[in-house]
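J.: Handing you a structure now.
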Amino acid sequence: MRNLALALAALALASTASAQQQPATSVAVNPQAPPAAAPISAEQQRTVDRLRAAALESDLAWNIVEDLVTEVGPRLAGSEAEARARVWAEAMLRENRFTNIRTEAFTIPYWDAVREEASVVAPTQQHMVIAALGGSPSTPAGGLEAEIVRFPDMAALEAAPASAVQGRIVFIDERMQRTQDGSGYGAAVAKRGRCAPVAQAKGALACLVRSVGTDPHRFAHQGGSSRQSQGASLPAAAVSPADADLLARLAARGPTRVRLNIEADIRENAPSGNVIAEIRGRERPQEVVLLAAHLDSWDMGQGAIDDGAGVAIVTAAARLIRDLPHRPRRTIRILLAGAEENGVHGGAAYARAHADDTHIVAAESDFGAGRIYRFRTRFADSAAPYGRAIHRQLAPLGIILGDNSASGGADVGDLRTAGVPVVDLGQDGLDYFDYHHTADDTLDKIDPEALRQNVAAWAVFAYLAADSDWSFRASE
Ligand SMILES: [Zn+2]
């Protein structure tokens with residue numbers, strides 16, 4: 001009886017395995033067939049199916065982000081609130097029964113706006129909603145007042161003679177394009193970093209930029225500016241989209257004077273840190289699959305979509321894997337990075353501290369909580385079948401396979417540069433920049449259903465990468 005059962009089980013395994021190898025066979029016959037995916041075992045298939053189903057039923061991620069934004073709230077890099085977030089994170093990771101939980105401390109240049117006010121003073125008087133850009137110095141005490149000079153984009157400012165700019169407040173009115181993959185951000189964000197140094201070189205007094213965002217609302221979008229990279233000492237702020245519209249209408253009518261008052265608290269060597277936890281691999285513990293998100297946030301909103309959601313997604317995905325009867329072969333490591341927003345300090349500190357670790361693959365969840373629609377890799381060509389094997393298990397979640405130029409995310413950028421393979425679990429970001437870095441980044445912007453789909457995709461990806469012996473690098 002027992003032998004018969006074993007034989008039947010072996011038969012079932014064999015037929016599953018041959019079914020999975022089907023596409024490889026059909027490539028030779030039919031050149032239109034999809035390219036081969038690496039096979040996975042029947043047990044892995046059952047585990048993936050179980051993980052996917054469990055994630056789609058799970059409230060784990062929602063509970064994590066709800067707790068973070070309720071108990072800690074906004075957590076500016078280097079602040080007391082960010083320190084509380086690290087304490088919260090360690091406790092949360094202990095509660096979820098991970099191992100090797102620790103904080104790896106580092107220090108950063110601290111910046112916070114104690115005051116950020118602007119108003120039109122002539123030819124009419126109107127209050128404006130602004131956000132001082134991260135790193136902006138203070139204006140002279142009591143603020144400064146000057147005529148604005150409007151430019152449609154950075155190129156127009158760069159082409160302008162100094163005589164058009166000197167003694168004025170530069171206003172860059174460039175708009176951001178709404179795109180599904182967030183590709184409008186890179187172009188729009190350039191003005192946030194470059195306005196101050198370019199305007200300063202031409203003798204301007206301050207810099208205002210139309211908020212880097214896609215909404216029409218009266219929220220200003222925070223963001224880093226130039227202190228970290230270019231050493232500009234010009235006060236700089238983002239104007240809410242509605243107030244940028246106002247400035248544009250006034251500038252079209254004639255001379256417009258604006259008063260700007262920024263008071264910044266700037267300190268060196270503020271404390272920050274990365275919180276790390278692991279599921280130790282059962283066979284190859286020294287090989288690491290890195291799942292990242294960042295713990296800090298800007299401080300006008302709650303840091304729910306940026307990046308409380310990411311913290312919740314990667315942690316919940318790992319927790320589902322932690323609950324499996326067998327740990328995966330390789331180690332899964334969670335990195336909750338500190339101080340991403342004001343210069344990706346956490347990602348840089350991690351890459352320095354762990355340069356000698358064997359990273360199999362790395363990825364960060366840092367684009368809100370929209371449904372994942374595309375899986376991209378940055379693998380060696382020889383590893384393409386592994387990328388397709390992972391994608392095949394993501395496809396039931398409505399995810400397409402993209403190209404091989406994944407970025408991985410800001411906090412794994414230094415690892416990527418050092419040659420670590422990365423993937424993007426690309427979220428639908430059509431509305432992400434409506435809320436990003438604003439007072440409106442709050443818990444209600446997260447759709448619990450989409451959050452579960454994210455957890456399912458991360459769990460499937462992380463499990464397959466960790467329970468295999470696949471190398472995503474070029475073989476030596
Ligand atoms: Zn972020």
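Identifiers in this document derive from the order of the structure tokens: chains are assigned A, B, ..., residues are numbered from 1 separately in each chain, and ligands are numbered from 1 in order of occurrence.
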Residues within 10 Å of ligand 1 (only C-alpha atoms and all ligand atoms), as a tab-separated table (two decimals) with N, CA and C atoms, in the first residue's frame?

T.:
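Final file, part27.tsv:
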chain	number	residue	atom	x	y	z
A	293	ALA	N	13.50	48.70	1.96
A	293	ALA	CA	12.53	49.81	1.96
A	293	ALA	C	13.18	50.87	2.84
A	294	HIS	N	12.62	52.09	2.87
A	294	HIS	CA	13.25	53.05	3.79
A	294	HIS	C	12.29	53.49	4.88
A	295	LEU	N	12.90	53.68	6.06
A	295	LEU	CA	12.14	53.92	7.27
A	295	LEU	C	11.86	55.41	7.47
A	296	ASP	N	12.73	56.27	6.97
A	296	ASP	CA	12.53	57.72	7.18
A	296	ASP	C	11.48	58.25	6.21
A	297	SER	N	11.02	59.46	6.46
A	297	SER	CA	10.07	60.11	5.54
A	297	SER	C	10.24	61.62	5.66
A	298	TRP	N	9.66	62.33	4.70
A	298	TRP	CA	9.51	63.77	4.90
A	298	TRP	C	8.46	63.98	5.97
A	303	GLY	N	4.17	59.82	5.84
A	303	GLY	CA	5.09	58.84	5.29
A	303	GLY	C	4.41	57.49	5.11
A	304	ALA	N	3.16	57.50	4.63
A	304	ALA	CA	2.40	56.26	4.45
A	304	ALA	C	2.78	55.59	3.13
A	305	ILE	N	2.59	56.31	2.00
A	305	ILE	CA	2.98	55.70	0.72
A	305	ILE	C	4.49	55.78	0.52
A	306	ASP	N	5.14	56.76	1.14
A	306	ASP	CA	6.60	56.92	1.00
A	306	ASP	C	7.24	57.02	2.37
A	307	ASP	N	7.68	55.92	2.97
A	307	ASP	CA	7.71	54.60	2.38
A	307	ASP	C	7.22	53.59	3.40
A	308	GLY	N	6.22	54.02	4.21
A	308	GLY	CA	5.62	53.08	5.15
A	308	GLY	C	5.11	51.85	4.42
A	309	ALA	N	4.55	52.05	3.24
A	309	ALA	CA	4.04	50.94	2.44
A	309	ALA	C	5.15	49.94	2.11
A	310	GLY	N	6.29	50.47	1.70
A	310	GLY	CA	7.42	49.59	1.35
A	310	GLY	C	7.90	48.79	2.55
A	339	ALA	N	17.35	57.57	6.57
A	339	ALA	CA	17.86	58.76	5.87
A	339	ALA	C	17.99	58.59	4.36
A	340	GLU	N	16.94	58.03	3.75
A	340	GLU	CA	16.94	57.95	2.28
A	340	GLU	C	16.62	59.32	1.68
A	341	GLU	N	15.63	59.99	2.27
A	341	GLU	CA	15.07	61.18	1.62
A	341	GLU	C	16.06	62.33	1.47
A	344	VAL	N	20.02	59.46	0.45
A	344	VAL	CA	20.27	58.02	0.35
A	344	VAL	C	21.46	57.61	1.24
A	364	GLU	N	14.29	47.13	-3.83
A	364	GLU	CA	13.64	47.99	-2.84
A	364	GLU	C	12.19	48.26	-3.26
A	365	SER	N	11.30	48.29	-2.28
A	365	SER	CA	9.92	48.71	-2.51
A	365	SER	C	9.81	50.16	-2.04
A	366	ASP	N	9.74	51.10	-2.98
A	366	ASP	CA	9.73	52.52	-2.60
A	366	ASP	C	8.99	53.34	-3.65
A	367	PHE	N	7.79	52.88	-4.00
A	367	PHE	CA	7.02	53.64	-4.99
A	367	PHE	C	5.53	53.56	-4.64
A	368	GLY	N	5.26	53.58	-3.32
A	368	GLY	CA	3.88	53.57	-2.87
A	368	GLY	C	3.32	52.18	-2.73
A	409	GLY	N	16.03	50.40	-7.08
A	409	GLY	CA	15.62	51.35	-6.05
A	409	GLY	C	16.81	52.09	-5.47
A	410	ALA	N	16.54	53.26	-4.89
A	410	ALA	CA	17.62	54.16	-4.46
A	410	ALA	C	18.55	53.49	-3.44
A	411	ASP	N	17.98	52.80	-2.46
A	411	ASP	CA	18.83	52.27	-1.38
A	411	ASP	C	19.66	51.06	-1.79
A	436	HIS	N	2.95	62.28	-3.21
A	436	HIS	CA	4.35	62.11	-2.85
A	436	HIS	C	4.94	63.36	-2.17
A	437	HIS	N	5.51	63.16	-0.97
A	437	HIS	CA	6.21	64.24	-0.26
A	437	HIS	C	5.29	65.41	0.12

J.: Name all residues at most 12 Å from Asn100 of chain A (count only C-alpha atoms; drop same-chain ones fewer than 5 positions away) and give them as a compact mmCIF listing (two decimals) with C-alpha atoms, in the first residue's frame.

T.:
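The resulting result.txt:
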# COMPACT_ATOMS: atom_id res chain seq x y z
CA GLU A 90 13.16 46.44 15.92
CA LEU A 93 10.63 42.60 13.54
CA ARG A 94 11.02 40.72 16.84
CA VAL A 275 17.40 48.40 10.83
CA ILE A 276 18.16 44.87 9.62
CA ALA A 277 16.57 41.46 10.18
CA GLU A 278 16.96 38.04 8.60
CA ILE A 279 15.53 34.64 7.87
CA ARG A 280 18.69 32.57 8.00
CA THR A 331 19.24 34.00 3.73
CA ILE A 332 16.54 36.60 3.21
CA ARG A 333 17.61 39.92 4.70
CA ILE A 334 15.30 42.86 5.31
CA LEU A 335 16.93 46.31 5.13

J.: Between atom CA of Ala312 of chain A and atom CA of Val48 of chain A, measure the distance and give it in Å to one decimal.

T.: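 Answer for the atom CA of Ala312 of chain A to atom CA of Val48 of chain A separation: 19.9 Å.
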
J.: In segment 78-327 of chain A, what's helix (DSSP H, G or I) per DSSP? Answer as number ranges by chain?

T.: A: 80-95, 154-159, 162-164, 184-201, 227-230, 241-253, 304-322

J.: Taking 5 positions as the minimum chain separation for residues in the same chain, which residues sit within 10 Å of segment 167-174 of chain A when counting only C-alpha atoms? Answer as a ChimeraX atom specification.

T.: /A:144-157,162,187-189,191-192,195-196,198-200,202-212,235-239,241,244-245,247-248,251,257-260

J.: Work out how far atom CA of Gln286 of chain A is from atom CA of Arg327 of chain A, in Å to one decimal.

T.: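 These atoms are spaced 14.0 Å apart.
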
J.: List as CSV every residue of segment 29-84 of chain A that is in contact with segment 386-403 of chain A, defined as an atom at most 12 Å from one of its atoms (using only C-alpha atoms), together with the nearest atom pair and the distance in Å rounded to one decimal, sorted by chain and then rising number.

T.:
residue,atom,partner,partner_atom,distance
A:Pro34,CA,A:Arg388,CA,9.6
A:Pro35,CA,A:Arg388,CA,8.2
A:Ala36,CA,A:Arg388,CA,7.4
A:Ala37,CA,A:Ala389,CA,4.7
A:Ala38,CA,A:Ala389,CA,5.3
A:Pro39,CA,A:Ala389,CA,6.9
A:Ile40,CA,A:Ala389,CA,7.6
A:Ser41,CA,A:Ala389,CA,11.3
A:Gln44,CA,A:Gln393,CA,10.6
A:Gln45,CA,A:Gln393,CA,8.5
A:Arg46,CA,A:Gln393,CA,11.1
A:Thr47,CA,A:Gln393,CA,11.0
A:Val48,CA,A:Gln393,CA,7.4
A:Asp49,CA,A:Gln393,CA,8.4
A:Arg50,CA,A:Gln393,CA,11.6
A:Leu51,CA,A:Gln393,CA,10.8
A:Arg52,CA,A:Leu397,CA,8.5
A:Ala53,CA,A:Leu397,CA,10.3
A:Ala55,CA,A:Leu397,CA,11.1
A:Leu56,CA,A:Leu397,CA,9.7

J.: Can you list, as a VMD selection string, all residues belonging to segment 166-282 of chain A that DSSP tags as strand (DSSP E or B)?

T.: chain A and resid 169 to 172 206 to 210 224 236 to 239 257 to 279

J.: Restricting it to N, CA and C atoms, dump the selection as a short mmCIF file (atom, residue, chain, number, x, y, z; two decimals), in the first residue's frame.

T.:
data_model
loop_
_atom_site.label_atom_id
_atom_site.label_comp_id
_atom_site.auth_asym_id
_atom_site.auth_seq_id
_atom_site.Cartn_x
_atom_site.Cartn_y
_atom_site.Cartn_z
N ILE A 169 14.01 86.86 -7.31
CA ILE A 169 13.69 85.48 -6.91
C ILE A 169 13.34 84.71 -8.17
N VAL A 170 14.14 83.71 -8.48
CA VAL A 170 13.89 82.89 -9.67
C VAL A 170 12.70 81.96 -9.41
N PHE A 171 11.82 81.84 -10.40
CA PHE A 171 10.68 80.92 -10.31
C PHE A 171 10.70 79.98 -11.51
N ILE A 172 10.98 78.69 -11.27
CA ILE A 172 10.99 77.69 -12.34
C ILE A 172 9.61 77.04 -12.38
N ALA A 206 16.93 84.08 -4.30
CA ALA A 206 16.29 82.85 -3.83
C ALA A 206 15.72 82.11 -5.03
N CYS A 207 15.26 80.90 -4.78
CA CYS A 207 14.74 80.06 -5.85
C CYS A 207 13.41 79.45 -5.44
N LEU A 208 12.41 79.59 -6.29
CA LEU A 208 11.13 78.90 -6.09
C LEU A 208 10.93 77.96 -7.27
N VAL A 209 10.46 76.76 -7.00
CA VAL A 209 10.15 75.84 -8.10
C VAL A 209 8.70 75.39 -7.97
N ARG A 210 8.05 75.19 -9.12
CA ARG A 210 6.74 74.52 -9.09
C ARG A 210 6.95 73.15 -8.47
N GLY A 224 14.54 66.90 -1.45
CA GLY A 224 15.91 67.36 -1.25
C GLY A 224 16.30 68.37 -2.32
N ALA A 236 15.77 78.00 -1.01
CA ALA A 236 14.99 77.39 -2.10
C ALA A 236 13.75 76.72 -1.53
N ALA A 237 12.63 76.85 -2.27
CA ALA A 237 11.38 76.24 -1.81
C ALA A 237 10.56 75.79 -3.00
N ALA A 238 9.70 74.77 -2.74
CA ALA A 238 8.73 74.32 -3.73
C ALA A 238 7.39 74.99 -3.43
N VAL A 239 6.73 75.47 -4.49
CA VAL A 239 5.45 76.15 -4.37
C VAL A 239 4.36 75.15 -4.74
N ARG A 257 5.93 90.96 -6.83
CA ARG A 257 6.88 90.87 -5.72
C ARG A 257 6.43 89.79 -4.72
N VAL A 258 7.41 89.05 -4.25
CA VAL A 258 7.15 87.94 -3.33
C VAL A 258 8.02 88.10 -2.08
N ARG A 259 7.43 87.74 -0.94
CA ARG A 259 8.21 87.70 0.32
C ARG A 259 8.41 86.24 0.71
N LEU A 260 9.62 85.91 1.05
CA LEU A 260 9.97 84.52 1.39
C LEU A 260 10.69 84.50 2.72
N ASN A 261 10.22 83.63 3.61
CA ASN A 261 10.82 83.54 4.94
C ASN A 261 11.06 82.08 5.30
N ILE A 262 12.32 81.69 5.29
CA ILE A 262 12.69 80.30 5.63
C ILE A 262 13.65 80.32 6.80
N GLU A 263 13.35 79.48 7.78
CA GLU A 263 14.27 79.33 8.91
C GLU A 263 14.60 77.85 9.01
N ALA A 264 15.86 77.52 8.78
CA ALA A 264 16.27 76.12 8.76
C ALA A 264 17.12 75.78 9.97
N ASP A 265 16.91 74.58 10.49
CA ASP A 265 17.73 74.03 11.57
C ASP A 265 18.70 73.06 10.92
N ILE A 266 19.97 73.44 10.90
CA ILE A 266 20.98 72.62 10.22
C ILE A 266 22.03 72.19 11.24
N ARG A 267 22.28 70.88 11.28
CA ARG A 267 23.28 70.34 12.22
C ARG A 267 24.09 69.24 11.54
N GLU A 268 25.32 69.11 11.94
CA GLU A 268 26.13 68.00 11.42
C GLU A 268 26.00 66.80 12.36
N ASN A 269 26.33 65.63 11.86
CA ASN A 269 26.46 64.43 12.70
C ASN A 269 25.21 64.09 13.52
N ALA A 270 24.05 64.15 12.87
CA ALA A 270 22.83 63.70 13.53
C ALA A 270 22.75 62.18 13.43
N PRO A 271 22.14 61.53 14.43
CA PRO A 271 22.08 60.07 14.41
C PRO A 271 21.04 59.53 13.44
N SER A 272 21.41 58.52 12.67
CA SER A 272 20.45 57.77 11.87
C SER A 272 20.91 56.31 11.91
N GLY A 273 20.22 55.44 11.19
CA GLY A 273 20.63 54.05 11.21
C GLY A 273 19.77 53.19 10.32
N ASN A 274 20.32 52.03 9.96
CA ASN A 274 19.60 51.02 9.20
C ASN A 274 19.14 49.91 10.13
N VAL A 275 17.88 49.53 10.04
CA VAL A 275 17.40 48.40 10.83
C VAL A 275 17.37 47.17 9.93
N ILE A 276 17.95 46.08 10.43
CA ILE A 276 18.16 44.87 9.62
C ILE A 276 17.60 43.65 10.35
N ALA A 277 17.04 42.73 9.60
CA ALA A 277 16.57 41.46 10.18
C ALA A 277 16.70 40.38 9.11
N GLU A 278 16.71 39.13 9.55
CA GLU A 278 16.96 38.04 8.60
C GLU A 278 16.09 36.80 8.85
N ILE A 279 15.92 36.05 7.78
CA ILE A 279 15.53 34.64 7.87
C ILE A 279 16.79 33.89 7.41
#

J.: I'd like to know which of A:Ala418, A:Val65, A:Leu246, A:Val165 is closest to Pro216 of chain A, using only C-alpha atoms.

T.: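 Between A:Ala418, A:Val65, A:Leu246, A:Val165, the residue approaching Pro216 of chain A most closely is A:Leu246.
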
J.: Nearest to Val129 of chain A: which of A:Val114, A:Leu425, A:Ala242, A:Ala459 is it, counting only C-alpha atoms?

T.: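 Closest to Val129 of chain A of all the choices is A:Ala242.
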